[in-house]
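Peer 1: Shown below is the structure under consideration.
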Amino acid sequence: MMPGRPIENRKPSLAVKIVLAIYPHEWRARYQEEMLCLAQDVYGPTFPLSCVAGMAKDGLRQRLSSMGILSENPLIGDPRSQMVHGGVLSVWAFALVVLAGSGFAKFIEHWNASISQTDSFLPRIGAGIVNAAAVAGAVMVAGGLAVLARPALRFVREGGWAAIKRKFITVTCLGAGTLAWLAFMVKTAHSLPAQARNGGSVSYLEMGLLFVVLTTLSIFSLASLVSTLARGIELSDARSKACGWMSVMLGGSAYLFAVGLAIWWSSMLVRAPWFFGGTRAQPSAALAPQTLVGIAVLTLAAVLVASKSTKRILVSFMRWE
Amino acid sequence: MSSSRQESPKLERPNQPSVLILTSLASGPKHGYALTVDIEQFAKVKLGPGTMYGAISRLESGGFIEALPSSDRRKPYRITESGRQALVEAAGEMRSLADTGISRLAGSSRLSDSLRARGKIAPVTGVA
């Protein structure tokens with residue numbers, strides 16, 4: 001076997017250490033030493049930029065695979081793994097819908113006060129469809145939990161805890177931190193006047209932004225935990241297929257949300273454009289463009305991920321005998 | 001338990017790192033550096049360390065290769081039976097594609113002259 005260079009146990013440079021941090025912890029524990037050894041065999045003690053850039057790109061791929069966003073199974077045509085990957089993608093699509101929906105719900109507070117009863121027909125339809133999307137998604141999530149709870153517990157008891165321990169701790173800490181920050185914000189809000197709460201206070205806005213960051217991290221870490229569990233548990237064919245259909249409907253809630261959002265937005269732009277300027281019910285005019293762009297980007301991402309999910313699941317149903 | 005259709009294992013596109021690694025391991029176990037050198041020799045492709053171990057991790061998790069015990073940092077890998085089956089399938093697809101392309105090109109005189117000059121197709125004989 002080709003011997004390679006004499007073994008040097010040099011510590012990686014700062015740039016390499018930063019790139020290695022992109023890789024998931026479990027992957028690093030298994031392959032980091034071998035990969036660094038190979039790089040030293042090929043390039044010597046100092047790695048060129050092309051090598052470091054390649055490691056960064058592959059690190060990102062490994063990270064996205066561990067979160068379930070990219071499929072890590074090299075097999076194509078395997079219906080079971082396609083079904084699981086499609087299901088995981090639908091969870092990510094719904095996570096994006098939850099984020100976009102939370103922003104939308106906060107943004108449209110008091111919208112009723114900005115528009116007359118007769119003009120509010122279409123916006124009410126749009127808001128109703130958005131609410132229906134949220135309820136449909138929540139029902140599918142509850143159904144999924146009901147189907148998967150026992151297999152998931154079995155997986156954890158039979159040695160799967162090691163695979164999810166880090167992610168579980170991350171979700172717990174982030175969730176607790178987010179709730180604690182929310183409680184602090186609510187307590188602070190009670191001592192502020194209405195104008196300050198709705199964009200008039202810079203420090204309260206900053207608290208709100210931190211809350212958005214914490215919520216985003218919590219939701220993403222929860223989706224990542226769910227994806228690791230989904231790929232580890234064993235399901236019967238009947239349960240797998242039931243989960244497949246629920247995942248299609250969960251992804252469908254993203255389309256429903258996008259439709260409701262489009263109806264509400266377009267009708268409000270025509271009938272109550274002053275709402276977006278923040279001069280009547282909502283003085284937070286400075287936040288309107290950023291919030292709108294953020295909600296639109298999240299919604300578009302949710303629709304794209306939901307489409308990929310639906311396609312994978314439907315293809316796996318066609319291949320499944 | 002699963003009763004999904006038992007398709008023979010099929011890899012990603014034939015020129016992808018996974019196929020190159022399996023091809024190299026078909027001649028015997030190798031560690032990462034030996035794989036890099038061998039692949040560069042037969043395929044004229046240089047796989048970076050990130051790409052190499054990204055593909056190795058996917059192949060190992062799919063059961064196509066397995067690590068052998070080793071006392072140093074370089075861990076050798078060997079191909080499994082599942083990996084051999086997948087490689088046979090991928091090689092068959094590549095061969096079929098190459099045969100079709102060359103037989104279609106053989107009708108085009110300028111292109112086929114070029115291929116003959118490079119020894120890619122057989123010389124023409126017995127032309128009147």
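Naming works like this for the structure tokens: A, B, ... for the chains as they're shown, residue 1 at the start of each chain, ligands 1 onward in shown order.
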As a VMD selection string, please: the residues near A:Glu33 (cut-off 12 Å, only C-alpha atoms, same-chain neighbours under 4 positions excluded).

Peer 2: (chain A and resid 7 to 12 20 27 to 29 37 to 40) or (chain B and resid 32 49 to 50 53 72 to 75)

Peer 1: Compile the contact shell of A:Leu314 as a ChimeraX atom specification: residues with an atom at most 12 Å away, counting only C-alpha atoms, same-chain residues fewer than 6 positions apart removed.

Peer 2: /A:79-80,82-87,241,244-249,307-308,320

Peer 1: Can you write just those residues out, N, CA and C atoms, as a PDB file, in the first residue's frame?

Peer 2:
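This went into again-v8.pdb:
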```pdb
ATOM      1  N   PRO A  79     -36.510   3.576  -2.728  1.00  0.00           N
ATOM      2  CA  PRO A  79     -37.725   4.316  -2.349  1.00  0.00           C
ATOM      3  C   PRO A  79     -37.785   4.662  -0.869  1.00  0.00           C
ATOM      4  N   ARG A  80     -37.263   3.782  -0.024  1.00  0.00           N
ATOM      5  CA  ARG A  80     -37.350   4.044   1.417  1.00  0.00           C
ATOM      6  C   ARG A  80     -36.553   5.291   1.786  1.00  0.00           C
ATOM      7  N   GLN A  82     -35.628   7.684  -0.172  1.00  0.00           N
ATOM      8  CA  GLN A  82     -36.232   8.872  -0.816  1.00  0.00           C
ATOM      9  C   GLN A  82     -37.421   9.361  -0.008  1.00  0.00           C
ATOM     10  N   MET A  83     -38.219   8.409   0.513  1.00  0.00           N
ATOM     11  CA  MET A  83     -39.389   8.767   1.309  1.00  0.00           C
ATOM     12  C   MET A  83     -38.954   9.502   2.575  1.00  0.00           C
ATOM     13  N   VAL A  84     -37.939   8.963   3.237  1.00  0.00           N
ATOM     14  CA  VAL A  84     -37.465   9.582   4.478  1.00  0.00           C
ATOM     15  C   VAL A  84     -36.930  10.987   4.186  1.00  0.00           C
ATOM     16  N   HIS A  85     -36.121  11.088   3.125  1.00  0.00           N
ATOM     17  CA  HIS A  85     -35.562  12.404   2.806  1.00  0.00           C
ATOM     18  C   HIS A  85     -36.658  13.395   2.463  1.00  0.00           C
ATOM     19  N   GLY A  86     -37.665  12.935   1.698  1.00  0.00           N
ATOM     20  CA  GLY A  86     -38.785  13.808   1.366  1.00  0.00           C
ATOM     21  C   GLY A  86     -39.530  14.259   2.613  1.00  0.00           C
ATOM     22  N   GLY A  87     -39.728  13.329   3.559  1.00  0.00           N
ATOM     23  CA  GLY A  87     -40.391  13.674   4.806  1.00  0.00           C
ATOM     24  C   GLY A  87     -39.615  14.701   5.611  1.00  0.00           C
ATOM     25  N   LYS A 241     -45.601   4.743   4.685  1.00  0.00           N
ATOM     26  CA  LYS A 241     -46.460   5.357   3.666  1.00  0.00           C
ATOM     27  C   LYS A 241     -47.396   6.394   4.294  1.00  0.00           C
ATOM     28  N   GLY A 244     -45.475   9.342   4.694  1.00  0.00           N
ATOM     29  CA  GLY A 244     -45.255   9.962   3.392  1.00  0.00           C
ATOM     30  C   GLY A 244     -46.416  10.874   3.009  1.00  0.00           C
ATOM     31  N   TRP A 245     -47.648  10.369   3.165  1.00  0.00           N
ATOM     32  CA  TRP A 245     -48.805  11.205   2.814  1.00  0.00           C
ATOM     33  C   TRP A 245     -48.941  12.408   3.740  1.00  0.00           C
ATOM     34  N   MET A 246     -48.660  12.194   5.017  1.00  0.00           N
ATOM     35  CA  MET A 246     -48.736  13.341   5.950  1.00  0.00           C
ATOM     36  C   MET A 246     -47.680  14.376   5.591  1.00  0.00           C
ATOM     37  N   SER A 247     -46.516  13.906   5.144  1.00  0.00           N
ATOM     38  CA  SER A 247     -45.453  14.841   4.759  1.00  0.00           C
ATOM     39  C   SER A 247     -45.863  15.641   3.528  1.00  0.00           C
ATOM     40  N   VAL A 248     -46.551  14.986   2.585  1.00  0.00           N
ATOM     41  CA  VAL A 248     -47.019  15.714   1.393  1.00  0.00           C
ATOM     42  C   VAL A 248     -47.983  16.816   1.827  1.00  0.00           C
ATOM     43  N   MET A 249     -48.878  16.484   2.764  1.00  0.00           N
ATOM     44  CA  MET A 249     -49.851  17.499   3.225  1.00  0.00           C
ATOM     45  C   MET A 249     -49.163  18.581   4.046  1.00  0.00           C
ATOM     46  N   SER A 307     -41.685  21.803  -2.551  1.00  0.00           N
ATOM     47  CA  SER A 307     -41.787  21.213  -3.890  1.00  0.00           C
ATOM     48  C   SER A 307     -40.835  20.040  -4.023  1.00  0.00           C
ATOM     49  N   LYS A 308     -39.601  20.238  -3.555  1.00  0.00           N
ATOM     50  CA  LYS A 308     -38.615  19.147  -3.625  1.00  0.00           C
ATOM     51  C   LYS A 308     -39.086  17.959  -2.783  1.00  0.00           C
ATOM     52  N   TRP A 320     -42.304   2.227  -5.095  1.00  0.00           N
ATOM     53  CA  TRP A 320     -42.531   1.305  -3.988  1.00  0.00           C
ATOM     54  C   TRP A 320     -43.551   0.260  -4.391  1.00  0.00           C
TER      55      TRP A 320
END
```

Peer 1: What residues in stretch 6-94 of chain B get the DSSP label strand (DSSP E)? Please answer as a list of chain:residue names.

Peer 2: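 Reading the DSSP output for stretch 6-94 of chain B, strand (DSSP E) covers B:Ile65, B:Glu66, B:Ala67, B:Tyr77, B:Arg78, B:Ile79.
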
Peer 1: How would the residues just picked look written out with N, CA, C and O atoms as a PDB file, in the first residue's frame?

Peer 2:
```
ATOM      1  N   ILE B  65     -18.373   0.189   1.366  1.00  0.00           N
ATOM      2  CA  ILE B  65     -16.987  -0.043   1.768  1.00  0.00           C
ATOM      3  C   ILE B  65     -16.950  -0.188   3.276  1.00  0.00           C
ATOM      4  O   ILE B  65     -17.915   0.184   3.960  1.00  0.00           O
ATOM      5  N   GLU B  66     -15.834  -0.768   3.771  1.00  0.00           N
ATOM      6  CA  GLU B  66     -15.679  -0.832   5.222  1.00  0.00           C
ATOM      7  C   GLU B  66     -14.232  -0.530   5.584  1.00  0.00           C
ATOM      8  O   GLU B  66     -13.315  -0.826   4.811  1.00  0.00           O
ATOM      9  N   ALA B  67     -14.063   0.050   6.774  1.00  0.00           N
ATOM     10  CA  ALA B  67     -12.727   0.406   7.232  1.00  0.00           C
ATOM     11  C   ALA B  67     -12.067  -0.838   7.822  1.00  0.00           C
ATOM     12  O   ALA B  67     -12.709  -1.679   8.444  1.00  0.00           O
ATOM     13  N   TYR B  77      -9.356   1.148   3.590  1.00  0.00           N
ATOM     14  CA  TYR B  77     -10.737   0.722   3.351  1.00  0.00           C
ATOM     15  C   TYR B  77     -10.727  -0.403   2.326  1.00  0.00           C
ATOM     16  O   TYR B  77      -9.816  -0.497   1.496  1.00  0.00           O
ATOM     17  N   ARG B  78     -11.775  -1.260   2.413  1.00  0.00           N
ATOM     18  CA  ARG B  78     -11.928  -2.279   1.375  1.00  0.00           C
ATOM     19  C   ARG B  78     -13.388  -2.272   0.903  1.00  0.00           C
ATOM     20  O   ARG B  78     -14.299  -1.873   1.634  1.00  0.00           O
ATOM     21  N   ILE B  79     -13.544  -2.758  -0.340  1.00  0.00           N
ATOM     22  CA  ILE B  79     -14.879  -2.774  -0.935  1.00  0.00           C
ATOM     23  C   ILE B  79     -15.648  -3.973  -0.386  1.00  0.00           C
ATOM     24  O   ILE B  79     -15.073  -5.031  -0.122  1.00  0.00           O
TER      25      ILE B  79
END
```

Peer 1: Report as a ChimeraX atom specification: the residues of stretch 12-159 of chain A with a DSSP assignment of alpha helix (DSSP H), based on the backbone of this structure.

Peer 2: /A:14-20,25-43,49-66,79-107,121-155

Peer 1: My list of candidates is B:Leu20, B:Gly28, B:Ala90, B:Arg118. Which is closest to B:Glu40 when distances are computed with only C-alpha atoms?

Peer 2: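 With only C-alpha atoms as the atom set, the closest residue is B:Leu20.
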
Peer 1: Between B:Pro29, B:Gly63, B:Gly54, B:Pro76, which residue has the minimum interatomic distance to B:Gln16, considering only C-alpha atoms?

Peer 2: B:Gly54

Peer 1: Using only C-alpha atoms, which of the listed residues (A:Val293, A:Ala223, A:Leu235, A:Val130) sits closest to chain B?

Peer 2: A:Leu235

Peer 1: Between atom CA of A:Val303 and atom CA of A:Leu261, what is the distance, to one decimal in Å?

Peer 2: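 Atom CA of A:Leu261 lies 12.3 Å from atom CA of A:Val303.
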
Peer 1: Could you please determine the separation between atom CA of A:Trp92 and atom CA of A:Lys165 in Å, to one decimal place?

Peer 2: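 So the two atoms, atom CA of A:Trp92 and atom CA of A:Lys165, lie 20.2 Å apart.
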
Peer 1: Would you kindly return, as a list in words, each protein, DNA or RNA residue with an atom no farther than 10 Å from any atom of A:Val97, considering only C-alpha atoms and excluding same-chain residues fewer than 2 positions away?

Peer 2: Val91, Trp92, Ala93, Phe94, Ala95, Leu99, Ala100, Gly101, Ser102, Gly103, Val130, Ala133, Ala134, Gly137, Gly251, Ser253, Ala254, Tyr255, Phe257, Ala258, Ile295, Leu298, Thr299, Leu300, Ala301, Ala302 and Val303 of chain A

Peer 1: Here is a test: counting only C-alpha atoms, which residue of A:Ala162, A:Gly175, A:Met318, A:Ile219 is nearest to chain B?

Peer 2: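 Ranking A:Ala162, A:Gly175, A:Met318, A:Ile219 by distance to chain B, first place goes to A:Met318.
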
Peer 1: What's around A:Ser218 at 9 Å? Count only C-alpha atoms, leave out sequence neighbours fewer than 5 positions away in its own chain, and write the answer as number ranges by chain.

Peer 2: A: 170-175, 178, 213, 223

Peer 1: Write the residues you've just listed into a file as a PDB file, in the first residue's frame, and include N, CA and C atoms for each of them.

Peer 2:
```pdb
ATOM      1  N   THR A 170     -28.867  20.808  22.455  1.00  0.00           N
ATOM      2  CA  THR A 170     -28.901  22.114  21.778  1.00  0.00           C
ATOM      3  C   THR A 170     -30.329  22.646  21.714  1.00  0.00           C
ATOM      4  N   VAL A 171     -31.270  21.785  21.322  1.00  0.00           N
ATOM      5  CA  VAL A 171     -32.675  22.207  21.217  1.00  0.00           C
ATOM      6  C   VAL A 171     -33.193  22.645  22.584  1.00  0.00           C
ATOM      7  N   THR A 172     -32.867  21.868  23.606  1.00  0.00           N
ATOM      8  CA  THR A 172     -33.365  22.185  24.955  1.00  0.00           C
ATOM      9  C   THR A 172     -32.822  23.532  25.425  1.00  0.00           C
ATOM     10  N   CYS A 173     -31.514  23.736  25.237  1.00  0.00           N
ATOM     11  CA  CYS A 173     -30.914  24.996  25.710  1.00  0.00           C
ATOM     12  C   CYS A 173     -31.459  26.184  24.928  1.00  0.00           C
ATOM     13  N   LEU A 174     -31.523  26.034  23.611  1.00  0.00           N
ATOM     14  CA  LEU A 174     -32.027  27.148  22.792  1.00  0.00           C
ATOM     15  C   LEU A 174     -33.492  27.433  23.106  1.00  0.00           C
ATOM     16  N   GLY A 175     -34.277  26.373  23.253  1.00  0.00           N
ATOM     17  CA  GLY A 175     -35.696  26.560  23.557  1.00  0.00           C
ATOM     18  C   GLY A 175     -35.899  27.264  24.888  1.00  0.00           C
ATOM     19  N   THR A 178     -34.867  30.879  24.574  1.00  0.00           N
ATOM     20  CA  THR A 178     -35.848  31.670  23.825  1.00  0.00           C
ATOM     21  C   THR A 178     -37.048  32.006  24.705  1.00  0.00           C
ATOM     22  N   VAL A 213     -33.781  36.063  16.315  1.00  0.00           N
ATOM     23  CA  VAL A 213     -32.592  35.207  16.103  1.00  0.00           C
ATOM     24  C   VAL A 213     -32.708  33.923  16.924  1.00  0.00           C
ATOM     25  N   ALA A 223     -35.773  21.210  13.859  1.00  0.00           N
ATOM     26  CA  ALA A 223     -35.928  20.521  12.571  1.00  0.00           C
ATOM     27  C   ALA A 223     -34.745  19.581  12.323  1.00  0.00           C
TER      28      ALA A 223
END
```

Peer 1: Grab the atom CA of A:Thr310 to atom CA of B:Pro17 distance for me, in Å with one decimal place.

Peer 2: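 Taking atom CA of A:Thr310 as the start and atom CA of B:Pro17 as the end point, the length is 28.3 Å.
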
Peer 1: Between A:Ala189, A:Ala152, A:Cys51, A:Ile22, which is the closest to chain B once you count only C-alpha atoms?

Peer 2: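 Nearest to chain B: A:Cys51.
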